[in-house]
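Notes for the one structure printed next.
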Amino acid sequence: MQLRVVVLPGDGVGPEVTEQAVRVLREIADTHGHNFDFAEYPAGGQAIRTSGSPLPPATLDACLTAHAVLLGAVGAPEFDHLSFDRRPEAGLLQLRQALGGFANLRPVTSYRALNPASPLRTEIVEGIDILIVRELLGGLYFGEPRGITAHNGSSVAFNTMRYSVNEIERVARVAFKAAIKRRRKVTSVDKANVLETSQLWRQTVTRIAADYPEVKLDHLYVDAAAMHLITNPKRFDVMLTENLFGDILSDEASVITGSLGMLASATIGGAVDLYEPVHGSAPDIAGQGIANPLGAIGSAAMMLRHTAKLEDEARDVEAAISEVLRAGYRTRDIARGTGGRVVSTAEMGELVCEAVAGVADMRHAYHAV
Ligand code: IPM
Ligand code: MN
């Protein structure tokens, strides 16, 4: 199997966590005889510093000809004063749009070993397995017009929440198809009691649901969804959301797992798939070797599954993550109350690699019997 990956380490903890994800992918390539090729390019604040642009043409060109893109994180406080279109985050949005992936999959899985690390009670978080399907190319993030203008001697700022039927349909289908392979339930999140975009969202999702009779559909207003996610997360299987609601709810859902550092994501449906941990650049802990690489490593596992179609290898990585946690190894963010041994970002990456090698051995032994 040939896989050409463009790696965009980006800002803050991005370089540290992507380094470990690449290491795990190399381990998989070695143990299974695949040929994975990695090329690094600057993006976000890192690129602004060297070229003035958060998404230089050379970076974009490389991404467009890759099989997959692995991004660390973008955003740094030194750029906070810039207008939106010149910030590192604008580069990420341009990249998402250019690659074309409209369905952002964010699995929220609770590992038993990490239950005590969650601020929620164990009986609430244990066994949780939710897939958030976040629409990624529409809504307030991309709607026009947007801007800040002078008005009566002061300023007015505005953004546009906009969705077409087609944009809703295509992401809804991803959610229903995913649900068929899971527990066959989709909860669609909207604010249909206030927003026209949400009324169209609800109507369209309800219509598409008829094509998937084996899947049960329910609807929640986003405020209620935020509440249920914390009080009764077991009620969710697949959660389908528009762009901004999904951004907010996925950070909230991460507390179930113990840390935002645990969450992985895959963006599919476009010309080139994009993989990024859900966490941001975390400038406060950057460069200290303490960031949690498991979100980035989990994103690499999703790359094996969705782009490379290497389901066994994806499961090996996920099993390795689970094994390392079960054995008691923790980065600082997930150490709370679990009595584990605290390790660095690089040590965690190495442990997952060792477990991957071990898992692969075990699987071969099993097949040989
Ligand atoms: C995320 C991030 C991004 C988003 C930012 C960095 C633009 O928060 O991937 O969740 O809002 O989509
Ligand atoms: Mn976010």
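Residue numbers start at 1 in each chain; chains themselves are named A, B, ... in the order of the structure tokens; ligands are numbered from 1 in the order shown.
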
| task | Mind checking which residues fall within 10 Å of Glu313 in chain A, counting only C-alpha atoms, ignoring those fewer than 4 positions away in the same chain, and posting them as a PyMOL selection string? | result | chain A and resi 25+28-29+31-32+301-302+304-305+308-309+317-319+356+359-360

| task | Write out as a list in words the residues lying within 12 Å of Glu196 in chain A, counting only C-alpha atoms and excluding same-chain residues fewer than 2 positions away. | result | Gly139, Thr160, Met161, Arg162, Tyr163, Ser164, Asp190, Lys191, Ala192, Asn193, Val194, Ser198, Gln199, Leu200, Trp201, Arg202 and Gln203 of chain A

Please, could you write that set of residues out with N, CA and C atoms as a CSV table (one decimal), in the first residue's frame?
```csv
chain,number,residue,atom,x,y,z
A,139,GLY,N,-22.3,27.2,7.0
A,139,GLY,CA,-22.7,27.9,8.3
A,139,GLY,C,-21.9,29.2,8.4
A,160,THR,N,-22.9,35.5,8.5
A,160,THR,CA,-24.1,34.9,7.9
A,160,THR,C,-24.1,33.4,8.1
A,161,MET,N,-25.2,32.9,8.7
A,161,MET,CA,-25.4,31.5,8.8
A,161,MET,C,-26.2,31.1,7.5
A,162,ARG,N,-25.6,30.3,6.7
A,162,ARG,CA,-26.2,29.9,5.4
A,162,ARG,C,-26.1,28.4,5.2
A,163,TYR,N,-27.1,27.8,4.8
A,163,TYR,CA,-27.1,26.4,4.4
A,163,TYR,C,-28.0,26.1,3.2
A,164,SER,N,-27.5,25.4,2.2
A,164,SER,CA,-28.3,25.0,1.1
A,164,SER,C,-28.8,23.5,1.4
A,190,ASP,N,-30.1,21.1,16.2
A,190,ASP,CA,-30.3,22.4,15.5
A,190,ASP,C,-30.9,23.4,16.5
A,191,LYS,N,-31.3,24.5,15.9
A,191,LYS,CA,-32.0,25.5,16.7
A,191,LYS,C,-33.2,26.0,15.9
A,192,ALA,N,-34.0,25.0,15.6
A,192,ALA,CA,-35.2,25.2,14.7
A,192,ALA,C,-36.3,26.0,15.3
A,193,ASN,N,-36.2,26.3,16.6
A,193,ASN,CA,-37.2,27.2,17.2
A,193,ASN,C,-36.9,28.6,17.0
A,194,VAL,N,-35.7,28.9,16.4
A,194,VAL,CA,-35.3,30.3,16.2
A,194,VAL,C,-34.7,30.6,14.8
A,198,SER,N,-31.8,26.3,10.6
A,198,SER,CA,-32.1,25.1,11.3
A,198,SER,C,-33.5,24.5,10.9
A,199,GLN,N,-34.4,25.3,10.5
A,199,GLN,CA,-35.7,24.8,10.0
A,199,GLN,C,-35.4,23.9,8.7
A,200,LEU,N,-34.6,24.5,7.8
A,200,LEU,CA,-34.3,23.8,6.6
A,200,LEU,C,-33.5,22.5,6.9
A,201,TRP,N,-32.6,22.7,7.9
A,201,TRP,CA,-31.8,21.5,8.4
A,201,TRP,C,-32.7,20.4,8.8
A,202,ARG,N,-33.6,20.7,9.7
A,202,ARG,CA,-34.5,19.7,10.3
A,202,ARG,C,-35.4,19.0,9.2
A,203,GLN,N,-35.9,19.8,8.4
A,203,GLN,CA,-36.8,19.3,7.2
A,203,GLN,C,-36.0,18.4,6.4
```

| query | Skipping near chain neighbours, those fewer than 3 positions away, what residues fall within 8 Å of Ile148 in chain A using only C-alpha atoms, listed as a list in words? | reply | Ser155, Val156, Ala157 and Phe158 of chain A

Selection file, N, CA, C and O atoms, as a short mmCIF file (atom, residue, chain, number, x, y, z; two decimals), in the first residue's frame:
```
data_model
loop_
_atom_site.label_atom_id
_atom_site.label_comp_id
_atom_site.auth_asym_id
_atom_site.auth_seq_id
_atom_site.Cartn_x
_atom_site.Cartn_y
_atom_site.Cartn_z
N SER A 155 -18.99 50.68 15.65
CA SER A 155 -18.76 49.56 14.73
C SER A 155 -19.90 48.57 14.80
O SER A 155 -20.52 48.39 15.84
N VAL A 156 -20.15 47.94 13.66
CA VAL A 156 -21.11 46.83 13.60
C VAL A 156 -20.40 45.65 12.96
O VAL A 156 -19.68 45.82 11.97
N ALA A 157 -20.58 44.47 13.55
CA ALA A 157 -19.97 43.27 12.98
C ALA A 157 -21.08 42.30 12.61
O ALA A 157 -22.11 42.25 13.28
N PHE A 158 -20.88 41.54 11.54
CA PHE A 158 -21.93 40.61 11.12
C PHE A 158 -21.35 39.38 10.44
O PHE A 158 -20.31 39.43 9.80
#
```

| note | Of A:Ile290, A:Val24, A:Ala117, A:Ile130, the one nearest to Lys185 in chain A when counting only C-alpha atoms is A:Ile130

| request: Please extract the residues at most 8 Å from ligand 2, counting only C-alpha atoms and all ligand atoms, and provide them as JSON, numbers by chain, using the chain letters and residue numbers of this document. | output: {"A": [247, 248, 250, 251, 278, 279, 280]}

Create the file for the chosen residues now, containing all heavy atoms and written as a PDB file, in the first residue's frame.
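Written output follows (again-v1.pdb):
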```
ATOM      1  N   ASP A 247     -18.546  22.388  16.486  1.00  0.00           N
ATOM      2  CA  ASP A 247     -17.294  22.873  17.079  1.00  0.00           C
ATOM      3  C   ASP A 247     -17.452  22.940  18.591  1.00  0.00           C
ATOM      4  O   ASP A 247     -16.616  22.442  19.353  1.00  0.00           O
ATOM      5  CB  ASP A 247     -16.961  24.253  16.505  1.00  0.00           C
ATOM      6  CG  ASP A 247     -15.698  24.829  17.109  1.00  0.00           C
ATOM      7  OD1 ASP A 247     -14.695  24.081  17.189  1.00  0.00           O
ATOM      8  OD2 ASP A 247     -15.716  26.005  17.521  1.00  0.00           O
ATOM      9  N   ILE A 248     -18.531  23.536  19.033  1.00  0.00           N
ATOM     10  CA  ILE A 248     -18.744  23.743  20.468  1.00  0.00           C
ATOM     11  C   ILE A 248     -19.032  22.412  21.170  1.00  0.00           C
ATOM     12  O   ILE A 248     -18.431  22.091  22.199  1.00  0.00           O
ATOM     13  CB  ILE A 248     -19.911  24.728  20.691  1.00  0.00           C
ATOM     14  CG1 ILE A 248     -19.555  26.090  20.083  1.00  0.00           C
ATOM     15  CG2 ILE A 248     -20.225  24.861  22.180  1.00  0.00           C
ATOM     16  CD1 ILE A 248     -20.722  27.057  19.981  1.00  0.00           C
ATOM     17  N   SER A 250     -18.272  19.393  20.347  1.00  0.00           N
ATOM     18  CA  SER A 250     -17.176  18.420  20.409  1.00  0.00           C
ATOM     19  C   SER A 250     -16.191  18.760  21.520  1.00  0.00           C
ATOM     20  O   SER A 250     -15.674  17.864  22.188  1.00  0.00           O
ATOM     21  CB  SER A 250     -16.488  18.248  19.059  1.00  0.00           C
ATOM     22  OG  SER A 250     -16.029  19.469  18.549  1.00  0.00           O
ATOM     23  N   ASP A 251     -15.927  20.027  21.743  1.00  0.00           N
ATOM     24  CA  ASP A 251     -15.091  20.375  22.909  1.00  0.00           C
ATOM     25  C   ASP A 251     -15.793  19.946  24.192  1.00  0.00           C
ATOM     26  O   ASP A 251     -15.170  19.414  25.115  1.00  0.00           O
ATOM     27  CB  ASP A 251     -14.821  21.887  22.973  1.00  0.00           C
ATOM     28  CG  ASP A 251     -13.534  22.291  22.267  1.00  0.00           C
ATOM     29  OD1 ASP A 251     -13.240  21.716  21.195  1.00  0.00           O
ATOM     30  OD2 ASP A 251     -12.826  23.189  22.781  1.00  0.00           O
ATOM     31  N   VAL A 278      -8.703  17.242  17.581  1.00  0.00           N
ATOM     32  CA  VAL A 278      -9.725  18.266  17.831  1.00  0.00           C
ATOM     33  C   VAL A 278      -9.159  19.427  18.655  1.00  0.00           C
ATOM     34  O   VAL A 278      -9.597  20.558  18.541  1.00  0.00           O
ATOM     35  CB  VAL A 278     -10.950  17.612  18.519  1.00  0.00           C
ATOM     36  CG1 VAL A 278     -11.955  18.664  18.981  1.00  0.00           C
ATOM     37  CG2 VAL A 278     -11.624  16.624  17.569  1.00  0.00           C
ATOM     38  N   HIS A 279      -8.140  19.134  19.452  1.00  0.00           N
ATOM     39  CA  HIS A 279      -7.588  20.198  20.316  1.00  0.00           C
ATOM     40  C   HIS A 279      -6.904  21.285  19.498  1.00  0.00           C
ATOM     41  O   HIS A 279      -6.567  21.084  18.329  1.00  0.00           O
ATOM     42  CB  HIS A 279      -6.605  19.605  21.330  1.00  0.00           C
ATOM     43  CG  HIS A 279      -5.372  18.996  20.719  1.00  0.00           C
ATOM     44  ND1 HIS A 279      -4.373  19.754  20.167  1.00  0.00           N
ATOM     45  CD2 HIS A 279      -4.982  17.701  20.572  1.00  0.00           C
ATOM     46  CE1 HIS A 279      -3.411  18.957  19.721  1.00  0.00           C
ATOM     47  NE2 HIS A 279      -3.764  17.699  19.939  1.00  0.00           N
ATOM     48  N   GLY A 280      -6.676  22.425  20.127  1.00  0.00           N
ATOM     49  CA  GLY A 280      -6.016  23.544  19.462  1.00  0.00           C
ATOM     50  C   GLY A 280      -4.516  23.532  19.695  1.00  0.00           C
ATOM     51  O   GLY A 280      -3.931  22.494  20.034  1.00  0.00           O
TER      52      GLY A 280
END
```

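Of the listed residues (A:Leu229, A:Val324, A:Ile48, A:Val74), A:Leu229 comes nearest to Glu252 in chain A; the distances count only C-alpha atoms.
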
| query | as a PyMOL selection string, which residues of range 79-262 of chain A does DSSP assign to helix (DSSP H, G or I)? | reply | chain A and resi 79+84-86+88-99+112-117+122-125+139-141+165-180+196-209+222-231+233-235+243-257+260-262

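Of the residues listed (A:Arg183, A:Arg326, A:Arg87, A:His34), A:Arg183 shows the shortest atom-to-atom separation from Ile128 in chain A; distances use only C-alpha atoms.
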
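Every residue of range 164-363 of chain A found in strand (DSSP E) when DSSP is run on the backbone appears here: Lys185, Val186, Thr187, Ser188, Val189, Asp190, Lys216, Leu217, Asp218, His219, Leu220, Tyr221, Val238, Met239, Leu240, Thr241, Ala266, Thr267, Ile268, Asp273, Leu274, Tyr275, Tyr329, Arg330, Arg341 and Val342 of chain A.
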
Set out as a Markdown table a contact list for chain A and ligand 1 with a cut-off of 10 Å, giving each residue of chain A that qualifies its closest atom pair and distance in Å to one decimal, counting only C-alpha atoms and all ligand atoms, ordered by chain and rising residue number.
```
| residue | atom | partner | partner_atom_place_in_ligand_line | distance |
| --- | --- | --- | --- | --- |
| A:Gly44 | CA | ligand 1 | 6 (C) | 9.7 |
| A:Ala73 | CA | ligand 1 | 6 (C) | 7.1 |
| A:Val74 | CA | ligand 1 | 6 (C) | 6.0 |
| A:Gly75 | CA | ligand 1 | 6 (C) | 6.6 |
| A:Arg87 | CA | ligand 1 | 7 (C) | 9.8 |
| A:Pro88 | CA | ligand 1 | 6 (C) | 8.2 |
| A:Glu89 | CA | ligand 1 | 7 (C) | 4.8 |
| A:Ala90 | CA | ligand 1 | 7 (C) | 7.2 |
| A:Gly91 | CA | ligand 1 | 7 (C) | 8.8 |
| A:Leu92 | CA | ligand 1 | 7 (C) | 6.4 |
| A:Leu93 | CA | ligand 1 | 7 (C) | 6.6 |
| A:Arg96 | CA | ligand 1 | 12 (O) | 9.4 |
| A:Asn104 | CA | ligand 1 | 9 (O) | 9.1 |
| A:Arg106 | CA | ligand 1 | 10 (O) | 9.7 |
| A:Arg134 | CA | ligand 1 | 12 (O) | 9.6 |
| A:Leu136 | CA | ligand 1 | 12 (O) | 7.5 |
| A:Leu137 | CA | ligand 1 | 12 (O) | 9.6 |
| A:Tyr141 | CA | ligand 1 | 11 (O) | 8.0 |
| A:Asn243 | CA | ligand 1 | 12 (O) | 7.6 |
| A:Leu244 | CA | ligand 1 | 11 (O) | 7.2 |
| A:Phe245 | CA | ligand 1 | 11 (O) | 10.0 |
| A:Gly246 | CA | ligand 1 | 10 (O) | 8.1 |
| A:Asp247 | CA | ligand 1 | 10 (O) | 4.9 |
| A:Ile248 | CA | ligand 1 | 10 (O) | 7.7 |
| A:Leu249 | CA | ligand 1 | 10 (O) | 9.6 |
| A:Ser250 | CA | ligand 1 | 10 (O) | 7.6 |
| A:Asp251 | CA | ligand 1 | 10 (O) | 7.5 |
| A:Ser265 | CA | ligand 1 | 9 (O) | 8.6 |
| A:Glu276 | CA | ligand 1 | 9 (O) | 7.5 |
| A:Pro277 | CA | ligand 1 | 9 (O) | 7.6 |
| A:Val278 | CA | ligand 1 | 10 (O) | 5.3 |
| A:His279 | CA | ligand 1 | 10 (O) | 6.8 |
| A:Gly280 | CA | ligand 1 | 6 (C) | 6.2 |
| A:Ser281 | CA | ligand 1 | 6 (C) | 8.2 |
```

Please write the residues from the selection above to a file, keeping N, CA, C and O atoms, as a CSV table (one decimal), in the first residue's frame.
```csv
chain,number,residue,atom,x,y,z
A,44,GLY,N,-0.4,27.9,9.0
A,44,GLY,CA,-0.8,28.7,10.1
A,44,GLY,C,0.2,29.7,10.5
A,44,GLY,O,0.8,30.3,9.6
A,73,ALA,N,-2.1,21.7,14.6
A,73,ALA,CA,-3.0,22.7,15.1
A,73,ALA,C,-2.5,24.1,14.6
A,73,ALA,O,-1.3,24.2,14.3
A,74,VAL,N,-3.4,25.0,14.5
A,74,VAL,CA,-3.0,26.4,14.1
A,74,VAL,C,-3.5,27.4,15.1
A,74,VAL,O,-4.6,27.2,15.8
A,75,GLY,N,-2.8,28.5,15.2
A,75,GLY,CA,-3.3,29.6,16.1
A,75,GLY,C,-2.2,29.9,17.1
A,75,GLY,O,-1.6,29.0,17.7
A,87,ARG,N,-5.3,35.8,9.9
A,87,ARG,CA,-4.9,35.0,11.1
A,87,ARG,C,-4.6,33.6,10.7
A,87,ARG,O,-5.0,33.1,9.6
A,88,PRO,N,-3.9,32.8,11.5
A,88,PRO,CA,-3.6,31.4,11.2
A,88,PRO,C,-4.8,30.6,10.9
A,88,PRO,O,-4.9,29.8,10.0
A,89,GLU,N,-5.9,30.9,11.7
A,89,GLU,CA,-7.2,30.1,11.5
A,89,GLU,C,-7.8,30.3,10.1
A,89,GLU,O,-8.4,29.4,9.6
A,90,ALA,N,-7.5,31.5,9.5
A,90,ALA,CA,-8.1,31.7,8.1
A,90,ALA,C,-7.4,30.7,7.2
A,90,ALA,O,-8.0,30.2,6.2
A,91,GLY,N,-6.1,30.4,7.4
A,91,GLY,CA,-5.4,29.5,6.6
A,91,GLY,C,-6.0,28.1,6.7
A,91,GLY,O,-6.2,27.4,5.7
A,92,LEU,N,-6.4,27.7,7.9
A,92,LEU,CA,-7.0,26.4,8.1
A,92,LEU,C,-8.4,26.3,7.3
A,92,LEU,O,-8.7,25.3,6.7
A,93,LEU,N,-9.2,27.4,7.4
A,93,LEU,CA,-10.5,27.4,6.7
A,93,LEU,C,-10.3,27.3,5.2
A,93,LEU,O,-11.0,26.6,4.5
A,96,ARG,N,-9.4,23.7,4.4
A,96,ARG,CA,-10.6,22.9,4.5
A,96,ARG,C,-11.4,23.0,3.2
A,96,ARG,O,-11.9,22.1,2.6
A,104,ASN,N,-16.9,16.2,9.0
A,104,ASN,CA,-15.9,16.1,10.0
A,104,ASN,C,-16.3,15.1,11.0
A,104,ASN,O,-17.3,15.3,11.8
A,106,ARG,N,-15.9,13.1,14.4
A,106,ARG,CA,-15.2,13.3,15.7
A,106,ARG,C,-15.7,12.2,16.7
A,106,ARG,O,-16.7,12.5,17.4
A,134,ARG,N,-19.8,16.5,12.1
A,134,ARG,CA,-19.9,18.0,12.1
A,134,ARG,C,-19.8,18.5,10.6
A,134,ARG,O,-18.8,18.1,10.0
A,136,LEU,N,-18.7,20.8,7.9
A,136,LEU,CA,-17.4,21.6,8.0
A,136,LEU,C,-17.2,22.7,7.0
A,136,LEU,O,-16.3,23.5,7.1
A,137,LEU,N,-18.1,22.8,6.0
A,137,LEU,CA,-17.8,23.8,5.0
A,137,LEU,C,-18.9,24.9,4.9
A,137,LEU,O,-18.9,25.6,3.9
A,141,TYR,N,-19.1,29.9,9.5
A,141,TYR,CA,-17.6,29.9,9.2
A,141,TYR,C,-17.4,30.4,7.8
A,141,TYR,O,-16.3,31.0,7.5
A,243,ASN,N,-21.9,23.4,11.4
A,243,ASN,CA,-20.5,23.7,11.7
A,243,ASN,C,-20.2,24.2,13.1
A,243,ASN,O,-19.4,23.6,13.9
A,244,LEU,N,-20.8,25.3,13.5
A,244,LEU,CA,-20.4,25.9,14.8
A,244,LEU,C,-21.0,25.1,15.9
A,244,LEU,O,-20.3,25.0,16.9
A,245,PHE,N,-22.2,24.6,15.8
A,245,PHE,CA,-22.7,23.7,16.9
A,245,PHE,C,-21.7,22.5,17.2
A,245,PHE,O,-21.5,22.2,18.3
A,246,GLY,N,-21.2,22.0,16.1
A,246,GLY,CA,-20.3,20.8,16.2
A,246,GLY,C,-19.0,21.2,16.8
A,246,GLY,O,-18.4,20.4,17.6
A,247,ASP,N,-18.5,22.4,16.5
A,247,ASP,CA,-17.3,22.9,17.1
A,247,ASP,C,-17.5,22.9,18.6
A,247,ASP,O,-16.6,22.4,19.4
A,248,ILE,N,-18.5,23.5,19.0
A,248,ILE,CA,-18.7,23.7,20.5
A,248,ILE,C,-19.0,22.4,21.2
A,248,ILE,O,-18.4,22.1,22.2
A,249,LEU,N,-19.9,21.6,20.6
A,249,LEU,CA,-20.3,20.4,21.3
A,249,LEU,C,-19.2,19.4,21.3
A,249,LEU,O,-19.1,18.6,22.3
A,250,SER,N,-18.3,19.4,20.3
A,250,SER,CA,-17.2,18.4,20.4
A,250,SER,C,-16.2,18.8,21.5
A,250,SER,O,-15.7,17.9,22.2
A,251,ASP,N,-15.9,20.0,21.7
A,251,ASP,CA,-15.1,20.4,22.9
A,251,ASP,C,-15.8,19.9,24.2
A,251,ASP,O,-15.2,19.4,25.1
A,265,SER,N,-9.9,13.5,14.7
A,265,SER,CA,-10.9,13.8,13.7
A,265,SER,C,-10.5,13.4,12.3
A,265,SER,O,-9.3,13.4,12.0
A,276,GLU,N,-7.0,15.8,11.7
A,276,GLU,CA,-6.5,16.7,12.7
A,276,GLU,C,-7.0,16.4,14.1
A,276,GLU,O,-8.2,16.0,14.2
A,277,PRO,N,-6.2,16.4,15.1
A,277,PRO,CA,-6.8,16.3,16.4
A,277,PRO,C,-7.7,17.5,16.7
A,277,PRO,O,-7.6,18.5,16.1
A,278,VAL,N,-8.7,17.2,17.6
A,278,VAL,CA,-9.7,18.3,17.8
A,278,VAL,C,-9.2,19.4,18.7
A,278,VAL,O,-9.6,20.6,18.5
A,279,HIS,N,-8.1,19.1,19.5
A,279,HIS,CA,-7.6,20.2,20.3
A,279,HIS,C,-6.9,21.3,19.5
A,279,HIS,O,-6.6,21.1,18.3
A,280,GLY,N,-6.7,22.4,20.1
A,280,GLY,CA,-6.0,23.5,19.5
A,280,GLY,C,-4.5,23.5,19.7
A,280,GLY,O,-3.9,22.5,20.0
A,281,SER,N,-3.9,24.7,19.5
A,281,SER,CA,-2.4,24.8,19.6
A,281,SER,C,-1.9,24.8,21.0
A,281,SER,O,-0.7,24.7,21.2
```

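Reported to one decimal place, the separation of CA of Gly45 in chain A from CA of Thr149 in chain A is 26.1 Å.
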
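Using only C-alpha atoms, the contacts of range 7-21 of chain A at a cut-off of 7 Å, with sequence neighbours closer than 6 positions omitted, comprise Phe38, Ala39, Glu40, Tyr41, Pro42, Ala43, Gly44, Gly45, Gln46, Val69, Leu70, Leu71, Gly72, Ala73, Val74, Gly75, Ala76, Ser281, Ala282, Pro283, Ala286, Gly287, Ala291, Pro293, Ala296, Ile297, Ala300, Ala346 and Gly349 of chain A.
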
| query | What gap, in Å, lies between CA of Asp284 in chain A and CA of Met262 in chain A? | reply | 17.6 Å

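Using only C-alpha atoms, the shortest contact distance between Leu240 in chain A and any of A:Val22, A:Ala179, A:Ala210, A:Ala113 is found at A:Ala179.
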
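Comparing the minimum interatomic distances between Ser110 in chain A and each of A:Asp129, A:Asp218, A:Glu123, A:Asp273, counting only C-alpha atoms, we find that A:Asp129 sits nearest.
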